[in-house]
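Structure record follows, encoded as structure tokens.
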Amino acid sequence: MTHENLKGRVAVVTGGGGVLCSEFSKTLAKQGCKVAVLDLNEEAAQKTAGEIVAEGGEAIAVCCNVLDAQSMKDARDIIAEKLGTCDILLNGAGGNNPKGTTTKDTLEQLDLLQKEEGVKTFFDLDPEGISFVFNLNFLGTLIPTQIFARDMVEKEHACIVMITSMNAFRPLTRIPAYSAAKAAVKNFTEWMAVHFAPVGIRVNAIAPGFFSTKQNASLLWNPDGSPTERTGKILAATPMKRFGEAHELDGTLLFLCDEEYSGFVTGVSIPVDGGFNAYSGV
């Protein structure tokens, strides 16, 4: 399906070198958007932008840090000069860190009395690791929005798409920092939708369920490629009994970006999860 309304619009995608956001970048480019692929990893950003250009699309790669306001301002200036000012902001940068992760689903008293080597409980979590994960996911959406949304005020059909997670609806075991941060992103999406409504900016979010990416590979797959116990639990709680494919997020993205389809939609987080959120386990 062609979304003619999106043709010629400038789309800024943070985290654009990642598995899901590189797909988002390519999807928007196929609709005729001029795409700025932003990533801290310059090589990854260049790869995504290069693939778009090779397919006949228009894209540039910009190396920047979503936690550094000056870095984002510099990125904004580059994009404005080469492509124009932002119409669509996709806040996709984020991630987890082992310092914010426990090794077990739940706490057992024995873990405190005779803790095995390598076991990390809630009480061992590194506050700096928690802060890093939270800041990357929450401030990593707030700062880019502060920089780019200024140009979107009173601009016709401007929209912001956030990437939250099913963690925001139902926190997962072992990853408290990431779960809390994605819940914050969902709440922030709702807050911004209200705040920006009078100036014409719609703000919505996509909440992916389980997709196998580089970020979560160690939790889902053993070194020999076999599924981990956690993968078994995930698929047992997903009615469709599989992980999602990156392209299966495309339709939701285009729906949220195209005002012909979602012009009266703002402040929502749409699960794309194979039924995970709907399943009670019985």
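Residues are referred to by chain and number: the chain letter is A, B, ... according to the order shown in the structure tokens, the number counts from 1 in that chain, and ligands are numbered separately from 1 in the order shown.
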Exercise. What lies within 12 Å of Ser218 of chain A using only C-alpha atoms, ignoring chain neighbours under 6 positions off, as number ranges by chain?
Worked result: A: 96-98, 212, 224-231
Give me the residues near Lys120 of chain A as a compact mmCIF listing (two decimals) with N, CA, C and O atoms, in the first residue's frame, where near means some atom within 9 Å (using only C-alpha atoms) and where sequence neighbours in that chain fewer than 5 positions away do not count.
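Output contents, as saved in result-v2.txt:
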```txt
# COMPACT_ATOMS: atom_id res chain seq x y z
N THR A 101 20.41 -5.94 35.25
CA THR A 101 19.72 -7.22 35.06
C THR A 101 20.07 -8.20 36.17
O THR A 101 21.24 -8.32 36.56
N THR A 102 19.07 -8.92 36.70
CA THR A 102 19.33 -9.99 37.66
C THR A 102 19.52 -11.30 36.91
O THR A 102 19.12 -11.43 35.75
N THR A 103 20.11 -12.28 37.58
CA THR A 103 20.36 -13.56 36.92
C THR A 103 19.22 -14.54 37.11
O THR A 103 19.16 -15.55 36.40
N LYS A 104 18.32 -14.27 38.06
CA LYS A 104 17.19 -15.16 38.31
C LYS A 104 15.88 -14.39 38.24
O LYS A 104 15.85 -13.17 38.45
N ASP A 111 19.86 -17.46 48.09
CA ASP A 111 20.71 -16.57 47.32
C ASP A 111 21.42 -15.56 48.22
O ASP A 111 22.48 -15.03 47.86
N LYS A 115 25.09 -17.57 48.44
CA LYS A 115 24.97 -17.18 47.03
C LYS A 115 26.04 -17.84 46.17
O LYS A 115 27.23 -17.78 46.49
N LEU A 125 22.23 -5.12 42.17
CA LEU A 125 22.12 -4.26 40.98
C LEU A 125 22.92 -2.98 41.16
O LEU A 125 22.92 -2.36 42.23
```
Exercise. So which residues of segment 39-225 of chain A fall under alpha helix (DSSP H) by DSSP, listed as a ChimeraX atom specification?
Worked result: /A:42-54,69-82,109-113,127-134,140-152,176-196,217-220
Take the residues just selected and output them with C-alpha atoms as a PDB file, in the first residue's frame.
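out-v6.pdb, written as the output of this step:
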```
ATOM      1  CA  GLU A  42      28.248   5.567  12.676  1.00  0.00           C
ATOM      2  CA  GLU A  43      28.983   2.401  10.712  1.00  0.00           C
ATOM      3  CA  ALA A  44      25.516   1.006  11.431  1.00  0.00           C
ATOM      4  CA  ALA A  45      23.861   4.296  10.443  1.00  0.00           C
ATOM      5  CA  GLN A  46      25.871   4.438   7.214  1.00  0.00           C
ATOM      6  CA  LYS A  47      24.904   0.863   6.381  1.00  0.00           C
ATOM      7  CA  THR A  48      21.178   1.572   6.745  1.00  0.00           C
ATOM      8  CA  ALA A  49      21.361   4.842   4.805  1.00  0.00           C
ATOM      9  CA  GLY A  50      23.449   3.184   2.093  1.00  0.00           C
ATOM     10  CA  GLU A  51      20.916   0.390   1.646  1.00  0.00           C
ATOM     11  CA  ILE A  52      18.122   2.958   1.300  1.00  0.00           C
ATOM     12  CA  VAL A  53      20.034   4.926  -1.337  1.00  0.00           C
ATOM     13  CA  ALA A  54      20.907   1.728  -3.204  1.00  0.00           C
ATOM     14  CA  ALA A  69      21.735  17.832  23.743  1.00  0.00           C
ATOM     15  CA  GLN A  70      24.542  19.531  21.818  1.00  0.00           C
ATOM     16  CA  SER A  71      25.095  16.400  19.753  1.00  0.00           C
ATOM     17  CA  MET A  72      21.394  16.387  18.883  1.00  0.00           C
ATOM     18  CA  LYS A  73      21.455  20.094  18.001  1.00  0.00           C
ATOM     19  CA  ASP A  74      24.370  19.463  15.660  1.00  0.00           C
ATOM     20  CA  ALA A  75      22.443  16.575  14.089  1.00  0.00           C
ATOM     21  CA  ARG A  76      19.394  18.803  13.658  1.00  0.00           C
ATOM     22  CA  ASP A  77      21.483  21.425  11.833  1.00  0.00           C
ATOM     23  CA  ILE A  78      22.942  18.827   9.467  1.00  0.00           C
ATOM     24  CA  ILE A  79      19.507  17.382   8.700  1.00  0.00           C
ATOM     25  CA  ALA A  80      17.902  20.803   8.181  1.00  0.00           C
ATOM     26  CA  GLU A  81      20.648  21.738   5.718  1.00  0.00           C
ATOM     27  CA  LYS A  82      20.606  18.485   3.745  1.00  0.00           C
ATOM     28  CA  GLN A 109      16.540 -16.808  50.602  1.00  0.00           C
ATOM     29  CA  LEU A 110      19.395 -19.164  49.770  1.00  0.00           C
ATOM     30  CA  ASP A 111      20.713 -16.568  47.320  1.00  0.00           C
ATOM     31  CA  LEU A 112      21.430 -14.337  50.302  1.00  0.00           C
ATOM     32  CA  LEU A 113      22.735 -16.996  52.670  1.00  0.00           C
ATOM     33  CA  PRO A 127      22.759   1.986  40.532  1.00  0.00           C
ATOM     34  CA  GLU A 128      24.944   3.354  37.747  1.00  0.00           C
ATOM     35  CA  GLY A 129      23.778   0.547  35.463  1.00  0.00           C
ATOM     36  CA  ILE A 130      20.148   1.222  36.373  1.00  0.00           C
ATOM     37  CA  SER A 131      20.681   4.919  35.685  1.00  0.00           C
ATOM     38  CA  PHE A 132      22.293   4.224  32.316  1.00  0.00           C
ATOM     39  CA  VAL A 133      19.430   2.006  31.145  1.00  0.00           C
ATOM     40  CA  PHE A 134      16.767   4.405  32.376  1.00  0.00           C
ATOM     41  CA  GLY A 140      17.048   9.292  25.018  1.00  0.00           C
ATOM     42  CA  THR A 141      13.534  10.160  23.849  1.00  0.00           C
ATOM     43  CA  LEU A 142      13.083  13.403  25.799  1.00  0.00           C
ATOM     44  CA  ILE A 143      16.231  15.130  24.524  1.00  0.00           C
ATOM     45  CA  PRO A 144      15.699  14.395  20.790  1.00  0.00           C
ATOM     46  CA  THR A 145      12.081  15.511  21.146  1.00  0.00           C
ATOM     47  CA  GLN A 146      13.159  18.781  22.735  1.00  0.00           C
ATOM     48  CA  ILE A 147      15.504  19.434  19.814  1.00  0.00           C
ATOM     49  CA  PHE A 148      13.369  18.318  16.858  1.00  0.00           C
ATOM     50  CA  ALA A 149       9.815  19.071  18.007  1.00  0.00           C
ATOM     51  CA  ARG A 150      10.605  22.779  18.126  1.00  0.00           C
ATOM     52  CA  ASP A 151      10.614  22.744  14.302  1.00  0.00           C
ATOM     53  CA  MET A 152       7.408  20.694  14.230  1.00  0.00           C
ATOM     54  CA  PRO A 176      13.759  -4.075  36.167  1.00  0.00           C
ATOM     55  CA  ALA A 177      15.535  -1.019  34.754  1.00  0.00           C
ATOM     56  CA  TYR A 178      14.437  -1.660  31.174  1.00  0.00           C
ATOM     57  CA  SER A 179      10.863  -2.470  32.216  1.00  0.00           C
ATOM     58  CA  ALA A 180      10.583   0.689  34.318  1.00  0.00           C
ATOM     59  CA  ALA A 181      12.121   2.820  31.590  1.00  0.00           C
ATOM     60  CA  LYS A 182       9.750   1.561  28.903  1.00  0.00           C
ATOM     61  CA  ALA A 183       6.802   2.164  31.240  1.00  0.00           C
ATOM     62  CA  ALA A 184       8.093   5.715  31.579  1.00  0.00           C
ATOM     63  CA  VAL A 185       8.229   6.056  27.791  1.00  0.00           C
ATOM     64  CA  LYS A 186       4.607   4.924  27.518  1.00  0.00           C
ATOM     65  CA  ASN A 187       3.562   7.462  30.155  1.00  0.00           C
ATOM     66  CA  PHE A 188       5.661  10.156  28.477  1.00  0.00           C
ATOM     67  CA  THR A 189       3.947   9.407  25.168  1.00  0.00           C
ATOM     68  CA  GLU A 190       0.579  10.147  26.788  1.00  0.00           C
ATOM     69  CA  TRP A 191       1.901  13.278  28.478  1.00  0.00           C
ATOM     70  CA  MET A 192       3.342  14.675  25.245  1.00  0.00           C
ATOM     71  CA  ALA A 193       0.179  13.873  23.301  1.00  0.00           C
ATOM     72  CA  VAL A 194      -1.729  16.214  25.612  1.00  0.00           C
ATOM     73  CA  HIS A 195       1.018  18.823  25.756  1.00  0.00           C
ATOM     74  CA  PHE A 196       1.495  19.074  21.985  1.00  0.00           C
ATOM     75  CA  ALA A 217      20.115 -12.484  21.832  1.00  0.00           C
ATOM     76  CA  SER A 218      21.949 -13.641  24.949  1.00  0.00           C
ATOM     77  CA  LEU A 219      18.659 -13.952  26.856  1.00  0.00           C
ATOM     78  CA  LEU A 220      16.892 -15.864  24.086  1.00  0.00           C
TER      79      LEU A 220
END
```
Exercise. How many Å separate atom CA of Pro271 of chain A from atom CA of Leu254 of chain A?
Worked result: 14.6 Å
